[in-house]
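Structure file entry.cif (mmCIF, C-alpha atoms and all ligand atoms) is printed below.
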data_work
loop_
_atom_site.label_atom_id
_atom_site.label_comp_id
_atom_site.auth_asym_id
_atom_site.auth_seq_id
_atom_site.Cartn_x
_atom_site.Cartn_y
_atom_site.Cartn_z
CA MET A 1 45.00 -104.59 -52.51
CA ASN A 2 44.61 -100.86 -51.96
CA LYS A 3 44.16 -99.12 -55.26
CA ILE A 4 44.81 -95.50 -54.59
CA LYS A 5 44.87 -94.85 -50.93
CA SER A 6 46.61 -96.83 -48.29
CA LEU A 7 47.43 -96.68 -44.61
CA ASP A 8 50.39 -94.48 -45.62
CA ASP A 9 47.92 -91.78 -46.53
CA LEU A 10 46.45 -92.14 -43.08
CA ARG A 11 49.92 -91.63 -41.60
CA LYS A 12 50.15 -88.30 -43.43
CA ILE A 13 46.72 -87.29 -42.21
CA LYS A 14 47.72 -88.14 -38.66
CA ALA A 15 50.80 -85.91 -38.84
CA ASP A 16 48.76 -83.10 -40.34
CA VAL A 17 46.03 -83.36 -37.70
CA GLU A 18 48.59 -83.40 -34.90
CA GLY A 19 50.20 -80.26 -36.31
CA LYS A 20 46.86 -78.47 -36.34
CA MET A 21 46.02 -79.71 -32.85
CA LYS A 22 49.21 -78.14 -31.51
CA LEU A 23 48.30 -74.81 -33.06
CA ARG A 24 44.98 -74.64 -31.30
CA GLU A 25 45.86 -76.61 -28.24
CA HIS A 26 43.28 -75.46 -25.72
CA SER A 27 40.39 -75.47 -28.13
CA GLU A 28 40.90 -79.20 -28.71
CA ASN A 29 40.03 -80.16 -25.14
CA ALA A 30 36.83 -82.13 -25.02
CA GLU A 31 35.09 -79.45 -22.96
CA ASN A 32 35.75 -76.85 -25.65
CA LEU A 33 34.23 -78.85 -28.46
CA VAL A 34 30.77 -78.33 -29.84
CA GLN A 35 29.10 -81.72 -29.59
CA ILE A 36 26.44 -82.69 -32.06
CA LYS A 37 24.43 -85.90 -32.04
CA VAL A 38 22.46 -86.83 -35.10
CA ALA A 39 19.53 -89.20 -34.50
CA MET A 40 20.09 -91.96 -37.00
CA ALA A 41 17.62 -94.71 -36.29
CA THR A 42 15.49 -95.95 -39.19
CA CYS A 43 13.16 -92.91 -39.34
CA GLY A 44 16.04 -90.48 -39.12
CA ILE A 45 18.03 -92.20 -41.86
CA ALA A 46 14.98 -92.51 -44.11
CA SER A 47 14.30 -88.80 -43.79
CA GLY A 48 17.80 -87.67 -44.71
CA ALA A 49 19.90 -87.72 -41.52
CA LYS A 50 22.99 -89.02 -43.33
CA THR A 51 23.05 -86.03 -45.68
CA VAL A 52 22.72 -83.73 -42.68
CA MET A 53 25.53 -85.52 -40.85
CA ASP A 54 27.82 -85.38 -43.91
CA PHE A 55 27.11 -81.66 -44.15
CA LEU A 56 27.76 -80.98 -40.45
CA VAL A 57 31.08 -82.86 -40.47
CA SER A 58 32.42 -81.08 -43.53
CA ASP A 59 30.99 -77.62 -42.90
CA LEU A 60 32.22 -77.40 -39.29
CA ASP A 61 35.63 -78.55 -40.49
CA LYS A 62 35.65 -76.00 -43.30
CA ARG A 63 34.87 -73.24 -40.85
CA ASN A 64 37.47 -74.49 -38.36
CA ILE A 65 34.94 -74.95 -35.59
CA PRO A 66 36.23 -77.60 -33.18
CA ALA A 67 33.39 -80.10 -32.99
CA VAL A 68 32.54 -83.75 -32.71
CA VAL A 69 29.59 -85.02 -34.69
CA THR A 70 28.33 -88.49 -33.87
CA GLN A 71 25.32 -90.65 -34.59
CA THR A 72 22.92 -91.69 -31.95
CA GLY A 73 19.89 -93.96 -31.91
CA CYS A 74 16.21 -93.17 -31.80
CA MET A 75 15.53 -89.98 -29.83
CA GLY A 76 11.83 -90.63 -29.97
CA TYR A 77 10.91 -87.67 -32.16
CA CYS A 78 10.10 -89.63 -35.32
CA TYR A 79 7.63 -86.96 -36.43
CA ALA A 80 10.38 -84.34 -36.50
CA GLU A 81 13.22 -86.25 -38.16
CA PRO A 82 15.95 -85.54 -38.92
CA THR A 83 16.69 -84.31 -35.42
CA ILE A 84 20.00 -83.24 -33.95
CA GLU A 85 21.15 -82.40 -30.43
CA VAL A 86 23.66 -79.58 -30.18
CA THR A 87 25.70 -78.99 -27.03
CA LYS A 88 27.88 -75.90 -26.96
CA PRO A 89 30.74 -75.88 -24.45
CA GLY A 90 29.36 -75.20 -21.00
CA GLU A 91 25.75 -75.01 -22.17
CA GLU A 92 22.67 -77.20 -21.98
CA PRO A 93 21.96 -79.41 -24.99
CA ILE A 94 19.35 -78.18 -27.45
CA VAL A 95 17.41 -80.47 -29.78
CA PHE A 96 16.44 -79.23 -33.24
CA GLY A 97 13.88 -80.96 -35.45
CA TYR A 98 13.23 -81.07 -39.21
CA VAL A 99 16.90 -80.41 -39.92
CA ASP A 100 17.96 -80.40 -43.55
CA THR A 101 21.27 -79.01 -44.82
CA LYS A 102 19.82 -75.51 -45.03
CA LYS A 103 18.64 -75.64 -41.43
CA ALA A 104 21.97 -77.16 -40.39
CA GLU A 105 23.78 -74.26 -42.03
CA GLU A 106 21.54 -71.82 -40.14
CA ILE A 107 22.17 -73.64 -36.85
CA ILE A 108 25.93 -73.32 -37.36
CA THR A 109 25.88 -69.70 -38.50
CA LYS A 110 23.39 -68.46 -35.94
CA TYR A 111 23.18 -70.74 -32.92
CA ILE A 112 26.70 -72.16 -32.79
CA LEU A 113 28.64 -69.07 -33.85
CA THR A 114 26.60 -66.23 -32.37
CA GLY A 115 24.27 -67.88 -29.87
CA GLU A 116 21.20 -66.58 -31.67
CA LEU A 117 18.24 -68.95 -31.45
CA VAL A 118 16.68 -70.40 -34.58
CA ASP A 119 13.31 -72.06 -35.27
CA GLY A 120 12.85 -75.74 -34.89
CA ILE A 121 13.85 -76.24 -31.27
CA ILE A 122 12.13 -79.20 -29.68
CA PRO A 123 11.36 -78.67 -26.03
CA VAL A 124 12.81 -81.54 -24.07
CA ASN A 125 11.68 -82.13 -20.55
CA TYR A 126 14.91 -82.66 -19.40
CA GLU A 127 16.60 -85.84 -20.20
CA LYS A 128 19.69 -86.05 -22.35
CA ILE A 129 19.79 -88.49 -25.22
CA GLU A 130 22.36 -90.68 -23.51
CA ASP A 131 20.07 -91.14 -20.56
CA LYS A 132 17.41 -92.59 -22.78
CA LYS A 133 17.28 -96.28 -23.21
CA ASN A 134 16.81 -96.98 -26.90
CA MET B 1 15.66 -96.64 -47.85
CA LYS B 2 16.90 -95.31 -51.13
CA ASP B 3 20.22 -97.13 -51.24
CA LEU B 4 22.24 -99.88 -49.56
CA SER B 5 24.48 -97.49 -47.65
CA LEU B 6 21.46 -96.22 -45.70
CA HIS B 7 20.42 -99.77 -44.83
CA LEU B 8 23.99 -100.40 -43.74
CA ILE B 9 23.98 -97.49 -41.28
CA ASP B 10 20.67 -98.70 -39.91
CA ILE B 11 21.67 -102.35 -39.46
CA LEU B 12 25.03 -101.37 -37.97
CA GLN B 13 23.17 -99.39 -35.37
CA ASN B 14 21.42 -102.56 -34.22
CA SER B 15 24.87 -104.05 -33.62
CA THR B 16 26.24 -101.11 -31.66
CA ARG B 17 23.02 -100.94 -29.65
CA ALA B 18 23.50 -104.61 -28.83
CA GLU B 19 26.85 -103.58 -27.34
CA ALA B 20 28.97 -105.39 -29.87
CA THR B 21 32.71 -104.82 -29.50
CA GLU B 22 33.49 -106.32 -32.89
CA VAL B 23 31.51 -105.85 -36.06
CA TYR B 24 32.27 -107.30 -39.49
CA VAL B 25 30.76 -105.94 -42.69
CA GLY B 26 31.01 -107.94 -45.90
CA LEU B 27 30.10 -106.70 -49.34
CA ILE B 28 30.70 -109.75 -51.47
CA TYR B 29 29.82 -110.22 -55.13
CA ASN B 30 29.34 -113.60 -56.72
CA GLU B 31 29.57 -112.98 -60.45
CA THR B 32 28.46 -116.48 -61.36
CA ASP B 33 25.17 -116.17 -59.50
CA LYS B 34 24.95 -112.41 -60.09
CA THR B 35 24.44 -111.87 -56.41
CA LEU B 36 25.68 -109.29 -53.96
CA THR B 37 25.66 -110.35 -50.33
CA LEU B 38 25.68 -107.70 -47.65
CA SER B 39 26.45 -109.28 -44.32
CA ILE B 40 26.82 -107.73 -40.90
CA LYS B 41 28.16 -109.91 -38.15
CA ASP B 42 28.50 -108.78 -34.55
CA ASN B 43 29.43 -110.20 -31.17
CA GLY B 44 26.72 -108.25 -29.35
CA LYS B 45 24.13 -109.54 -26.95
CA GLY B 46 22.23 -111.50 -29.57
CA MET B 47 18.58 -112.53 -29.62
CA SER B 48 16.51 -115.42 -28.39
CA ALA B 49 15.12 -117.87 -30.95
CA GLU B 50 11.69 -116.34 -30.36
CA MET B 51 12.99 -112.84 -31.08
CA VAL B 52 14.77 -113.98 -34.25
CA LYS B 53 11.52 -115.48 -35.49
CA ASN B 54 9.65 -112.23 -34.93
CA VAL B 55 12.24 -109.74 -35.94
CA THR B 56 11.25 -109.58 -39.60
CA ASP B 57 7.79 -108.56 -38.44
CA PRO B 58 7.54 -104.75 -38.52
CA PHE B 59 6.03 -104.56 -35.07
CA CYS B 60 8.93 -106.19 -33.36
CA THR B 61 11.27 -103.94 -31.43
CA SER B 62 12.96 -103.96 -28.04
CA ARG B 63 13.25 -100.20 -28.00
CA THR B 64 10.98 -98.21 -25.75
CA THR B 65 11.19 -94.95 -27.69
CA ARG B 66 8.86 -96.09 -30.45
CA LYS B 67 6.63 -99.09 -31.00
CA VAL B 68 7.67 -100.42 -34.38
CA GLY B 69 10.99 -101.70 -35.60
CA LEU B 70 11.31 -101.27 -39.34
CA GLY B 71 15.01 -101.59 -40.04
CA ILE B 72 15.19 -105.34 -40.59
CA PRO B 73 11.82 -105.71 -42.38
CA LEU B 74 12.80 -102.96 -44.85
CA LEU B 75 16.13 -104.59 -45.69
CA LYS B 76 14.48 -107.99 -46.07
CA GLN B 77 11.87 -106.51 -48.40
CA ASN B 78 14.49 -104.82 -50.58
CA ALA B 79 16.51 -108.03 -50.89
CA GLU B 80 13.43 -110.09 -51.73
CA LYS B 81 12.28 -107.57 -54.34
CA THR B 82 15.36 -108.50 -56.37
CA GLU B 83 14.53 -112.20 -55.95
CA GLY B 84 17.33 -112.47 -53.46
CA ASN B 85 16.94 -113.61 -49.89
CA PHE B 86 17.45 -112.62 -46.33
CA GLN B 87 18.66 -114.39 -43.23
CA ILE B 88 19.35 -113.69 -39.58
CA LYS B 89 21.29 -115.98 -37.31
CA SER B 90 21.56 -115.06 -33.71
CA GLU B 91 22.36 -116.55 -30.37
CA LEU B 92 21.92 -114.94 -26.99
CA ASN B 93 25.17 -113.58 -25.60
CA GLN B 94 27.03 -114.73 -28.71
CA GLY B 95 26.08 -112.35 -31.46
CA THR B 96 24.09 -111.86 -34.60
CA THR B 97 24.68 -112.23 -38.32
CA VAL B 98 22.37 -110.52 -40.78
CA SER B 99 22.79 -111.41 -44.46
CA ALA B 100 20.90 -109.87 -47.33
CA VAL B 101 21.43 -111.39 -50.75
CA PHE B 102 20.57 -109.24 -53.76
CA LYS B 103 20.39 -110.22 -57.41
CA TYR B 104 22.26 -107.19 -58.63
CA GLU B 105 21.03 -107.26 -62.21
CA HIS B 106 17.39 -107.15 -61.16
CA VAL B 107 15.51 -103.94 -62.02
CA ASP B 108 14.62 -103.44 -58.36
CA MET B 109 18.24 -103.57 -57.23
CA LEU B 110 19.05 -100.57 -55.06
CA PRO B 111 22.12 -98.48 -55.82
CA LEU B 112 25.02 -98.96 -53.41
CA GLY B 113 25.02 -95.32 -52.38
CA ASP B 114 27.81 -93.92 -50.26
CA ILE B 115 29.06 -97.12 -48.60
CA GLY B 116 32.35 -95.45 -47.60
CA GLY B 117 30.49 -92.62 -45.91
CA ALA B 118 28.17 -95.04 -44.13
CA MET B 119 31.17 -96.92 -42.71
CA ALA B 120 33.02 -93.69 -41.86
CA LEU B 121 30.10 -92.15 -39.98
CA THR B 122 29.55 -95.37 -38.05
CA ILE B 123 33.21 -96.03 -37.23
CA SER B 124 33.66 -92.46 -36.03
CA SER B 125 30.54 -92.60 -33.86
CA TRP B 126 31.52 -95.77 -32.00
CA GLU B 127 35.27 -95.40 -31.61
CA LYS B 128 35.56 -98.17 -29.06
CA THR B 129 33.98 -100.77 -31.31
CA GLU B 130 36.32 -102.54 -33.73
CA PHE B 131 34.97 -102.67 -37.27
CA GLU B 132 36.18 -104.64 -40.23
CA PHE B 133 35.06 -103.96 -43.79
CA ASP B 134 35.56 -106.58 -46.43
CA TYR B 135 34.89 -106.32 -50.17
CA LYS B 136 35.20 -108.85 -52.94
CA LYS B 137 34.22 -108.59 -56.58
CA GLY B 138 36.00 -110.93 -58.96
CA ASP B 139 39.71 -110.27 -58.57
CA ASN B 140 39.16 -107.06 -56.65
CA GLU B 141 39.47 -107.39 -52.94
CA PHE B 142 39.65 -104.78 -50.26
CA ASN B 143 39.80 -105.01 -46.50
CA LEU B 144 39.95 -102.30 -43.84
CA LYS B 145 40.13 -102.75 -40.08
CA THR B 146 39.77 -100.07 -37.44
CA GLN B 147 42.44 -101.84 -35.39
CA ASP B 148 45.03 -101.14 -38.09
CA MET B 149 43.88 -97.56 -38.42
CA LYS B 150 44.11 -96.97 -34.66
CA GLU B 151 47.67 -98.26 -34.68
CA VAL B 152 48.61 -95.68 -37.28
CA LEU B 153 46.62 -92.87 -35.67
CA GLU B 154 48.19 -93.28 -32.21
CA GLY B 155 45.48 -91.40 -30.39
CA VAL B 156 44.24 -89.07 -33.12
CA PRO B 157 40.50 -89.78 -32.93
CA LEU B 158 38.61 -91.60 -35.66
CA SER B 159 36.02 -88.83 -35.30
CA ASN B 160 38.46 -86.24 -36.66
CA PRO B 161 36.89 -84.85 -39.86
CA GLN B 162 40.00 -85.56 -41.95
CA VAL B 163 40.03 -89.14 -40.73
CA ILE B 164 36.32 -89.51 -41.46
CA ASN B 165 36.99 -88.30 -44.97
CA TYR B 166 39.89 -90.72 -45.38
CA ILE B 167 37.77 -93.72 -44.38
CA LYS B 168 35.00 -92.65 -46.72
CA GLU B 169 37.34 -92.16 -49.66
CA ILE B 170 39.52 -95.21 -49.21
CA ILE B 171 36.44 -97.43 -49.20
CA ASN B 172 34.63 -95.72 -52.05
CA GLU B 173 37.82 -95.73 -54.18
CA ASN B 174 38.31 -99.43 -53.66
CA ILE B 175 34.79 -100.61 -54.31
CA LYS B 176 34.34 -98.74 -57.59
N1 LIG C 1 22.39 -107.20 -34.14
C1 LIG C 1 21.42 -107.32 -33.22
N2 LIG C 1 21.69 -107.78 -31.97
C2 LIG C 1 20.73 -107.91 -31.04
N3 LIG C 1 19.43 -107.62 -31.27
C3 LIG C 1 19.07 -107.15 -32.47
C4 LIG C 1 20.05 -106.99 -33.52
N4 LIG C 1 19.40 -106.52 -34.62
C5 LIG C 1 18.12 -106.40 -34.27
N5 LIG C 1 17.89 -106.77 -33.00
C6 LIG C 1 16.61 -106.76 -32.28
O1 LIG C 1 15.58 -106.69 -33.25
C7 LIG C 1 14.75 -105.55 -33.02
C8 LIG C 1 14.23 -105.00 -34.33
O2 LIG C 1 15.28 -104.45 -35.13
P1 LIG C 1 14.94 -103.41 -36.27
O3 LIG C 1 14.03 -104.03 -37.25
O4 LIG C 1 16.22 -102.88 -36.78
O5 LIG C 1 14.12 -102.27 -35.54
P2 LIG C 1 14.61 -101.28 -34.38
O6 LIG C 1 16.10 -101.29 -34.41
O7 LIG C 1 14.06 -99.96 -34.79
O8 LIG C 1 14.03 -101.81 -33.11
C9 LIG C 1 15.64 -104.60 -32.25
O9 LIG C 1 14.87 -103.71 -31.45
C10 LIG C 1 16.49 -105.54 -31.41
O10 LIG C 1 15.78 -105.95 -30.27
MG MG C 2 17.24 -101.06 -36.19
#

Can you dump the structure from the file as structure tokens?
Amino acid sequence: MNKIKSLDDLRKIKADVEGKMKLREHSENAENLVQIKVAMATCGIASGAKTVMDFLVSDLDKRNIPAVVTQTGCMGYCYAEPTIEVTKPGEEPIVFGYVDTKKAEEIITKYILTGELVDGIIPVNYEKIEDKKN
Amino acid sequence: MKDLSLHLIDILQNSTRAEATEVYVGLIYNETDKTLTLSIKDNGKGMSAEMVKNVTDPFCTSRTTRKVGLGIPLLKQNAEKTEGNFQIKSELNQGTTVSAVFKYEHVDMLPLGDIGGAMALTISSWEKTEFEFDYKKGDNEFNLKTQDMKEVLEGVPLSNPQVINYIKEIINENIK
């Protein structure tokens, strides 16, 4: 009993997305996407990680920056939550701590778009999040 | 946690971490008893009877990144504050069901929060896991399955921002 939206709306979205993907074909390849992981275990969520993730998804989309934003588990930096790991195409991942929407905006504008470094980087002695066992 | 949607994200992460391939979320009102039951059922690796017994204790975790597990104790506490109740059933290699029953008219009842967003951000993060969301309140019923969405999307990823927004809105519209 779908009130307003239905799977038909999803069909329209699919067609629209496919149209856009054709327009920017090469930038859609996985290796050209900015990948962002948002630590969303209990401490992350309690300190506002969902708001940060909502912001990242919509702001990157608004600015037409090809990106994939996903949740991940506990990164082990509870003291610095919310934390995010940003991987630009062809670059090493960087972890940022104490990220709120303002910081997230700064990370997009400065680090992602121009490569300028911003405060809040957590030095990681090198182990990617995926390699960590939760 | 300030609302149920945040608990939902947290509990769903237990399921994906337990390598579930299918996860069911129920948000079911019983207007006679004035209860809202949030249940999360997965087919992940499950827990031993010993673990189930300890899991509502805040010091119980199987993670190695941090020594305390707070997700389940916090949800249990918020359900019990409303004079509701909380239950976990689990079996090794079979799966786990977590149910939190809230008396929704109680002053300590948490707001629902952005349930659609919580589902959307989880579904898009674990594209290989099949999720089902089920809602019932009186005559209003709503059900959404990732399997059906994938059939429509034919390869367009669930992590596409427009798709994320669709999932969020379709759920929030239908549980108003
Ligand atoms: N759905 C589940 N399947 C298997 N094990 C689970 C599940 N939910 C919880 N657990 C176990 O219970 C522990 C405690 O969970 P929780 O209170 O959420 O804290 P945390 O996830 O931070 O460890 C987990 O570390 C895990 O071992
Ligand atoms: Mg947990």

Could you build a table of the residues in chain B lying no more than 6 Å from chain A, giving for each the nearest pair of atoms and their separation in Å rounded to one decimal place, using all atoms listed in the file, ordered by chain and ascending residue number, as CSV?
residue,atom,partner,partner_atom,distance
B:Met1,CA,A:Ala46,CA,5.6
B:Asp10,CA,A:Thr42,CA,5.9
B:Arg63,CA,A:Asn134,CA,4.9
B:Thr65,CA,A:Gly76,CA,4.9
B:Gly71,CA,A:Thr42,CA,5.7
B:Ser125,CA,A:Thr70,CA,4.7
B:Phe142,CA,A:Met1,CA,5.8
B:Leu153,CA,A:Lys14,CA,5.7
B:Ile170,CA,A:Lys5,CA,5.6

### Query
Residues at most 9 Å from Lys137 of chain B, counting only C-alpha atoms, excluding those fewer than 3 positions away in the same chain, as a PyMOL selection string?
chain B and resi 27-31+36+140-141+175

Each residue of chain B with at least one atom at most 6 Å from ligand LIG 1 (chain C) should appear once, together with its nearest atom pair and the corresponding distance in Å (one decimal); atoms considered: all atoms listed in the file; ordering: chain, then increasing residue number; output as JSON lines.
{"residue": "B:Asn14", "atom": "CA", "partner": "C:LIG1", "partner_atom": "N4", "distance": 4.5}
{"residue": "B:Ser15", "atom": "CA", "partner": "C:LIG1", "partner_atom": "N1", "distance": 4.0}
{"residue": "B:Ala18", "atom": "CA", "partner": "C:LIG1", "partner_atom": "N2", "distance": 4.8}
{"residue": "B:Gly44", "atom": "CA", "partner": "C:LIG1", "partner_atom": "N2", "distance": 5.7}
{"residue": "B:Lys45", "atom": "CA", "partner": "C:LIG1", "partner_atom": "C2", "distance": 5.6}
{"residue": "B:Gly46", "atom": "CA", "partner": "C:LIG1", "partner_atom": "C2", "distance": 4.2}
{"residue": "B:Met47", "atom": "CA", "partner": "C:LIG1", "partner_atom": "N3", "distance": 5.2}
{"residue": "B:Val55", "atom": "CA", "partner": "C:LIG1", "partner_atom": "O1", "distance": 5.3}
{"residue": "B:Cys60", "atom": "CA", "partner": "C:LIG1", "partner_atom": "C8", "distance": 5.5}
{"residue": "B:Thr61", "atom": "CA", "partner": "C:LIG1", "partner_atom": "O9", "distance": 3.6}
{"residue": "B:Ser62", "atom": "CA", "partner": "C:LIG1", "partner_atom": "O9", "distance": 3.9}
{"residue": "B:Arg63", "atom": "CA", "partner": "C:LIG1", "partner_atom": "O9", "distance": 5.2}
{"residue": "B:Gly69", "atom": "CA", "partner": "C:LIG1", "partner_atom": "O5", "distance": 3.2}
{"residue": "B:Leu70", "atom": "CA", "partner": "C:LIG1", "partner_atom": "O3", "distance": 4.4}
{"residue": "B:Gly71", "atom": "CA", "partner": "C:LIG1", "partner_atom": "O4", "distance": 3.7}
{"residue": "B:Ile72", "atom": "CA", "partner": "C:LIG1", "partner_atom": "O3", "distance": 3.8}
{"residue": "B:Pro73", "atom": "CA", "partner": "C:LIG1", "partner_atom": "O3", "distance": 5.8}
{"residue": "B:Thr96", "atom": "CA", "partner": "C:LIG1", "partner_atom": "N1", "distance": 5.0}

Selection to disk with C-alpha atoms, as a JSON list (two decimals), in the coordinates of the input:
[["chain", "number", "residue", "atom", "x", "y", "z"],
["B", 14, "ASN", "CA", 21.42, -102.56, -34.22],
["B", 15, "SER", "CA", 24.87, -104.05, -33.62],
["B", 18, "ALA", "CA", 23.50, -104.61, -28.83],
["B", 44, "GLY", "CA", 26.72, -108.25, -29.35],
["B", 45, "LYS", "CA", 24.13, -109.54, -26.95],
["B", 46, "GLY", "CA", 22.23, -111.50, -29.57],
["B", 47, "MET", "CA", 18.58, -112.53, -29.62],
["B", 55, "VAL", "CA", 12.24, -109.74, -35.94],
["B", 60, "CYS", "CA", 8.93, -106.19, -33.36],
["B", 61, "THR", "CA", 11.27, -103.94, -31.43],
["B", 62, "SER", "CA", 12.96, -103.96, -28.04],
["B", 63, "ARG", "CA", 13.25, -100.20, -28.00],
["B", 69, "GLY", "CA", 10.99, -101.70, -35.60],
["B", 70, "LEU", "CA", 11.31, -101.27, -39.34],
["B", 71, "GLY", "CA", 15.01, -101.59, -40.04],
["B", 72, "ILE", "CA", 15.19, -105.34, -40.59],
["B", 73, "PRO", "CA", 11.82, -105.71, -42.38],
["B", 96, "THR", "CA", 24.09, -111.86, -34.60]]

| query | Which residue, A:Asn64, A:Thr114, A:Gln35, A:Thr109, has the smallest gap to Glu85 of chain A when you use only C-alpha atoms? | reply |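 Closest residue, counting only C-alpha atoms: A:Gln35.
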
Next on the checklist: Please compute the atom CA of Lys2 of chain B-atom CA of Leu110 of chain B distance, one decimal, in Å.
Outcome noted: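 Between these atoms lies a distance of 6.9 Å.
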
Smallest atom-to-atom distance to ligand MG 2 (chain C): which of B:Val25, B:Ile11, B:Val152, B:Leu6, using only C-alpha atoms and all ligand atoms?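 Selected residue with least distance to ligand MG 2 (chain C): B:Ile11.
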
Expressed in Å to a single decimal, how great is the separation between atom CA of Lys34 of chain B and atom CA of His106 of chain B?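 Taking atom CA of Lys34 of chain B as the start and atom CA of His106 of chain B as the end point, the length is 9.3 Å.
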
Expressed in Å, the length from atom CA of Ile40 of chain B to atom CA of Leu74 of chain B is 15.3 Å
